[in-house]
$ cat structure_26.cif   # mmCIF, N, CA and C atoms
data_final
loop_
_atom_site.label_atom_id
_atom_site.label_comp_id
_atom_site.auth_asym_id
_atom_site.auth_seq_id
_atom_site.Cartn_x
_atom_site.Cartn_y
_atom_site.Cartn_z
N MET M 231 -92.56 5.45 9.01
CA MET M 231 -92.15 5.85 7.67
C MET M 231 -90.98 4.97 7.22
N ASP M 232 -91.04 4.51 6.00
CA ASP M 232 -89.97 3.67 5.45
C ASP M 232 -88.73 4.50 5.13
N LYS M 233 -87.58 3.89 5.37
CA LYS M 233 -86.31 4.50 5.00
C LYS M 233 -85.58 3.50 4.12
N GLU M 234 -84.94 3.99 3.08
CA GLU M 234 -84.23 3.12 2.15
C GLU M 234 -82.74 3.12 2.42
N ILE M 235 -82.14 1.95 2.33
CA ILE M 235 -80.68 1.83 2.35
C ILE M 235 -80.28 1.59 0.90
N LYS M 236 -79.49 2.50 0.36
CA LYS M 236 -79.09 2.41 -1.05
C LYS M 236 -77.61 2.09 -1.18
N SER M 237 -77.27 1.53 -2.32
CA SER M 237 -75.88 1.22 -2.63
C SER M 237 -75.13 2.50 -3.00
N ASP M 238 -73.95 2.67 -2.40
CA ASP M 238 -73.11 3.81 -2.75
C ASP M 238 -72.24 3.52 -3.97
N LEU M 239 -72.13 2.24 -4.31
CA LEU M 239 -71.25 1.79 -5.40
C LEU M 239 -71.96 0.74 -6.23
N PRO M 240 -71.52 0.53 -7.47
CA PRO M 240 -71.97 -0.65 -8.19
C PRO M 240 -71.18 -1.85 -7.68
N GLY M 241 -71.70 -3.03 -7.84
CA GLY M 241 -70.97 -4.23 -7.42
C GLY M 241 -71.91 -5.39 -7.17
N VAL M 242 -71.41 -6.39 -6.47
CA VAL M 242 -72.21 -7.55 -6.10
C VAL M 242 -72.46 -7.47 -4.59
N PHE M 243 -73.73 -7.56 -4.20
CA PHE M 243 -74.12 -7.43 -2.79
C PHE M 243 -74.13 -8.80 -2.13
N TYR M 244 -73.49 -8.87 -0.98
CA TYR M 244 -73.50 -10.09 -0.16
C TYR M 244 -73.92 -9.73 1.25
N ARG M 245 -74.78 -10.54 1.83
CA ARG M 245 -75.24 -10.29 3.20
C ARG M 245 -74.25 -10.77 4.24
N SER M 246 -73.37 -11.72 3.89
CA SER M 246 -72.39 -12.30 4.82
C SER M 246 -70.99 -11.81 4.49
N PRO M 247 -70.10 -11.80 5.49
CA PRO M 247 -68.73 -11.39 5.21
C PRO M 247 -68.00 -12.37 4.30
N THR M 248 -68.27 -13.66 4.44
CA THR M 248 -67.72 -14.71 3.59
C THR M 248 -68.75 -15.83 3.48
N PRO M 249 -68.70 -16.65 2.42
CA PRO M 249 -69.66 -17.74 2.28
C PRO M 249 -69.66 -18.65 3.52
N GLY M 250 -70.84 -19.03 3.97
CA GLY M 250 -70.98 -19.91 5.11
C GLY M 250 -71.01 -19.20 6.45
N GLU M 251 -70.68 -17.91 6.46
CA GLU M 251 -70.72 -17.13 7.70
C GLU M 251 -72.14 -16.57 7.90
N PRO M 252 -72.50 -16.26 9.15
CA PRO M 252 -73.81 -15.64 9.39
C PRO M 252 -73.91 -14.28 8.70
N ALA M 253 -75.13 -13.91 8.37
CA ALA M 253 -75.38 -12.60 7.74
C ALA M 253 -75.05 -11.48 8.71
N HIS M 254 -74.62 -10.35 8.16
CA HIS M 254 -74.35 -9.17 8.98
C HIS M 254 -75.62 -8.71 9.70
N ALA M 255 -76.76 -8.74 9.00
CA ALA M 255 -78.03 -8.27 9.57
C ALA M 255 -79.15 -9.12 9.01
N ASN M 256 -80.21 -9.26 9.80
CA ASN M 256 -81.38 -10.04 9.41
C ASN M 256 -82.64 -9.22 9.59
N VAL M 257 -83.69 -9.58 8.85
CA VAL M 257 -84.98 -8.92 8.99
C VAL M 257 -85.40 -8.99 10.45
N GLY M 258 -85.86 -7.87 10.97
CA GLY M 258 -86.27 -7.77 12.37
C GLY M 258 -85.21 -7.20 13.28
N ASP M 259 -83.97 -7.11 12.80
CA ASP M 259 -82.89 -6.55 13.61
C ASP M 259 -83.08 -5.05 13.78
N ARG M 260 -82.72 -4.54 14.96
CA ARG M 260 -82.69 -3.10 15.19
C ARG M 260 -81.35 -2.58 14.69
N LEU M 261 -81.39 -1.60 13.81
CA LEU M 261 -80.19 -1.03 13.21
C LEU M 261 -79.91 0.36 13.73
N THR M 262 -78.63 0.69 13.80
CA THR M 262 -78.21 2.07 14.02
C THR M 262 -77.60 2.56 12.71
N GLU M 263 -77.27 3.82 12.64
CA GLU M 263 -76.68 4.35 11.42
C GLU M 263 -75.38 3.64 11.06
N ASP M 264 -74.66 3.14 12.05
CA ASP M 264 -73.37 2.48 11.82
C ASP M 264 -73.47 0.98 11.61
N SER M 265 -74.67 0.40 11.71
CA SER M 265 -74.82 -1.05 11.53
C SER M 265 -74.43 -1.47 10.12
N VAL M 266 -73.68 -2.56 10.02
CA VAL M 266 -73.31 -3.12 8.72
C VAL M 266 -74.40 -4.10 8.32
N ILE M 267 -74.94 -3.94 7.10
CA ILE M 267 -75.98 -4.87 6.64
C ILE M 267 -75.46 -5.84 5.59
N GLY M 268 -74.26 -5.60 5.07
CA GLY M 268 -73.69 -6.47 4.05
C GLY M 268 -72.41 -5.87 3.50
N VAL M 269 -71.95 -6.47 2.42
CA VAL M 269 -70.76 -5.96 1.73
C VAL M 269 -71.02 -5.89 0.24
N LEU M 270 -70.32 -4.98 -0.42
CA LEU M 270 -70.36 -4.88 -1.87
C LEU M 270 -68.99 -5.23 -2.41
N GLU M 271 -68.96 -6.18 -3.34
CA GLU M 271 -67.71 -6.55 -3.98
C GLU M 271 -67.59 -5.78 -5.29
N LEU M 272 -66.50 -5.08 -5.42
CA LEU M 272 -66.21 -4.33 -6.65
C LEU M 272 -64.74 -4.55 -6.97
N MET M 273 -64.48 -5.23 -8.07
CA MET M 273 -63.11 -5.51 -8.52
C MET M 273 -62.29 -6.19 -7.42
N LYS M 274 -62.87 -7.21 -6.82
CA LYS M 274 -62.22 -8.03 -5.77
C LYS M 274 -61.98 -7.28 -4.47
N GLN M 275 -62.54 -6.10 -4.33
CA GLN M 275 -62.48 -5.38 -3.07
C GLN M 275 -63.86 -5.42 -2.43
N PHE M 276 -63.89 -5.65 -1.13
CA PHE M 276 -65.14 -5.74 -0.40
C PHE M 276 -65.31 -4.51 0.47
N ASN M 277 -66.43 -3.83 0.27
CA ASN M 277 -66.74 -2.60 0.99
C ASN M 277 -67.98 -2.82 1.86
N GLU M 278 -67.87 -2.51 3.15
CA GLU M 278 -69.01 -2.66 4.04
C GLU M 278 -70.12 -1.70 3.65
N VAL M 279 -71.34 -2.18 3.75
CA VAL M 279 -72.52 -1.35 3.53
C VAL M 279 -73.11 -1.05 4.89
N ARG M 280 -73.08 0.21 5.28
CA ARG M 280 -73.65 0.63 6.56
C ARG M 280 -75.06 1.14 6.34
N ALA M 281 -75.90 0.95 7.34
CA ALA M 281 -77.32 1.31 7.21
C ALA M 281 -77.49 2.80 6.89
N GLY M 282 -76.80 3.66 7.62
CA GLY M 282 -76.97 5.10 7.39
C GLY M 282 -78.25 5.66 7.99
N VAL M 283 -79.10 4.77 8.49
CA VAL M 283 -80.36 5.16 9.14
C VAL M 283 -80.56 4.23 10.33
N SER M 284 -81.44 4.61 11.24
CA SER M 284 -81.74 3.74 12.36
C SER M 284 -83.19 3.28 12.28
N GLY M 285 -83.46 2.13 12.88
CA GLY M 285 -84.80 1.56 12.88
C GLY M 285 -84.74 0.05 12.81
N ILE M 286 -85.85 -0.55 12.42
CA ILE M 286 -85.96 -2.00 12.31
C ILE M 286 -85.82 -2.41 10.85
N LEU M 287 -84.94 -3.38 10.58
CA LEU M 287 -84.77 -3.89 9.22
C LEU M 287 -86.04 -4.63 8.81
N HIS M 288 -86.78 -4.05 7.87
CA HIS M 288 -88.07 -4.61 7.45
C HIS M 288 -87.90 -5.68 6.37
N LYS M 289 -87.08 -5.39 5.35
CA LYS M 289 -86.86 -6.38 4.29
C LYS M 289 -85.66 -6.00 3.46
N PHE M 290 -85.09 -7.02 2.82
CA PHE M 290 -84.07 -6.80 1.80
C PHE M 290 -84.77 -6.75 0.47
N VAL M 291 -84.41 -5.79 -0.36
CA VAL M 291 -85.00 -5.63 -1.69
C VAL M 291 -84.23 -6.46 -2.71
N VAL M 292 -82.93 -6.62 -2.48
CA VAL M 292 -82.10 -7.42 -3.38
C VAL M 292 -81.77 -8.75 -2.68
N THR M 293 -81.38 -9.71 -3.49
CA THR M 293 -81.03 -11.04 -3.00
C THR M 293 -79.52 -11.15 -2.86
N ASP M 294 -79.09 -11.96 -1.92
CA ASP M 294 -77.67 -12.21 -1.71
C ASP M 294 -77.04 -12.64 -3.04
N GLY M 295 -75.97 -11.97 -3.45
CA GLY M 295 -75.29 -12.30 -4.69
C GLY M 295 -75.77 -11.52 -5.90
N ASP M 296 -76.74 -10.62 -5.71
CA ASP M 296 -77.24 -9.80 -6.83
C ASP M 296 -76.22 -8.73 -7.22
N ALA M 297 -76.09 -8.51 -8.52
CA ALA M 297 -75.33 -7.37 -9.02
C ALA M 297 -76.20 -6.14 -8.90
N VAL M 298 -75.64 -5.05 -8.38
CA VAL M 298 -76.40 -3.82 -8.19
C VAL M 298 -75.66 -2.65 -8.78
N GLU M 299 -76.39 -1.61 -9.08
CA GLU M 299 -75.83 -0.35 -9.57
C GLU M 299 -75.81 0.66 -8.43
N MET M 300 -75.11 1.75 -8.62
CA MET M 300 -75.13 2.83 -7.63
C MET M 300 -76.57 3.30 -7.45
N ASP M 301 -76.95 3.58 -6.23
CA ASP M 301 -78.28 4.07 -5.84
C ASP M 301 -79.37 3.00 -5.89
N THR M 302 -79.01 1.72 -6.09
CA THR M 302 -79.99 0.65 -6.00
C THR M 302 -80.45 0.53 -4.55
N VAL M 303 -81.75 0.41 -4.32
CA VAL M 303 -82.26 0.20 -2.97
C VAL M 303 -81.93 -1.23 -2.56
N LEU M 304 -81.22 -1.37 -1.45
CA LEU M 304 -80.81 -2.68 -0.96
C LEU M 304 -81.77 -3.23 0.09
N ALA M 305 -82.26 -2.34 0.95
CA ALA M 305 -83.11 -2.77 2.05
C ALA M 305 -84.02 -1.63 2.49
N ILE M 306 -85.08 -2.01 3.22
CA ILE M 306 -86.03 -1.06 3.76
C ILE M 306 -86.00 -1.16 5.29
N VAL M 307 -85.97 -0.01 5.93
CA VAL M 307 -85.96 0.08 7.40
C VAL M 307 -87.21 0.85 7.82
N THR M 308 -87.87 0.37 8.88
CA THR M 308 -89.03 1.06 9.43
C THR M 308 -88.69 1.63 10.80
N ASP M 309 -89.54 2.53 11.27
CA ASP M 309 -89.31 3.14 12.58
C ASP M 309 -89.50 2.14 13.72
N GLU M 310 -90.51 1.31 13.63
CA GLU M 310 -90.82 0.34 14.67
C GLU M 310 -91.17 -1.00 14.02
N ALA M 311 -91.02 -2.07 14.76
CA ALA M 311 -91.35 -3.42 14.24
C ALA M 311 -92.79 -3.42 13.78
N GLY M 312 -92.98 -3.84 12.55
CA GLY M 312 -94.34 -3.97 12.01
C GLY M 312 -94.96 -2.67 11.54
N THR M 313 -94.31 -1.54 11.76
CA THR M 313 -94.85 -0.24 11.34
C THR M 313 -94.25 0.14 10.00
N ARG M 314 -95.09 0.42 9.03
CA ARG M 314 -94.63 0.85 7.73
C ARG M 314 -95.21 2.18 7.50
#

$ encode --input "structure_26.cif" --output "structure tokens"
Amino acid sequence: MDKEIKSDLPGVFYRSPTPGEPAHANVGDRLTEDSVIGVLELMKQFNEVRAGVSGILHKFVVTDGDAVEMDTVLAIVTDEAGTR
């Protein structure tokens, strides 16, 4: 069953902590509820986005650098690799 990771805040979503750094999480990674998948920038403040669910990161719905609203789906997590 798919699980959605949604934005708690409006802002700009970034997958990396800073430009040129590796992404916090990649498709295929096993996530726990505390896993950080990216950051949201809001008024020059960066807030970590935690998965809030466990499973395999199936895909990102938004692109790095996209502006998002509250409750925007950022990523999809599945129970097992390849299982939707």

$ residues_around --input "structure_26.cif" --residues "M:Leu239" --least-positions-apart "5" --cutoff "6.5 Å" --atoms "only N, CA and C atoms" --output "ChimeraX atom specification"
/M:298-301

$ resolve_selection --input "structure_26.cif" --expression "the PyMOL selection byres ((chain M and resi 236) around 7)" --output "MDAnalysis selection string"
chainID M and resid 234:235 237:239 281 300:305

$ atom_distance --input "structure_26.cif" --atom1 "atom CA of M:Gly241" --atom2 "atom CA of M:Arg260"
25.5 Å

$ atom_distance --input "structure_26.cif" --atom1 "atom CA of M:Ala253" --atom2 "atom C of M:Met231"
23.5 Å

$ atom_distance --input "structure_26.cif" --atom1 "atom CA of M:Gly282" --atom2 "atom C of M:Asp264"
6.9 Å

$ resolve_selection --input "structure_26.cif" --expression "the PyMOL selection byres ((chain M and resi 255) around 6.5)" --output "list in words"
Arg245, Pro252, Ala253, His254, Asn256, Val257, Asp259, Val266, Ile267 and Gly268 of chain M

$ select_by_dssp --input "structure_26.cif" --residues "stretch 237-277 of chain M" --states "strand (DSSP E or B)" --output "PyMOL selection string"
chain M and resi 241-244+260-261+266-272+275-277

$ resolve_selection --input "structure_26.cif" --expression "the PyMOL selection byres ((chain M and resi 273) around 8)" --output "PyMOL selection string"
chain M and resi 240-242+270-272+274-276

$ axis_aligned_box --input "structure_26.cif" --around "stretch 232-241 of chain M" --padding-each-side "8 Å" --output "AutoDock Vina command-line options"
--center_x -81.0 --center_y -0.4 --center_z -1.1 --size_x 36.1 --size_y 25.9 --size_z 30.2
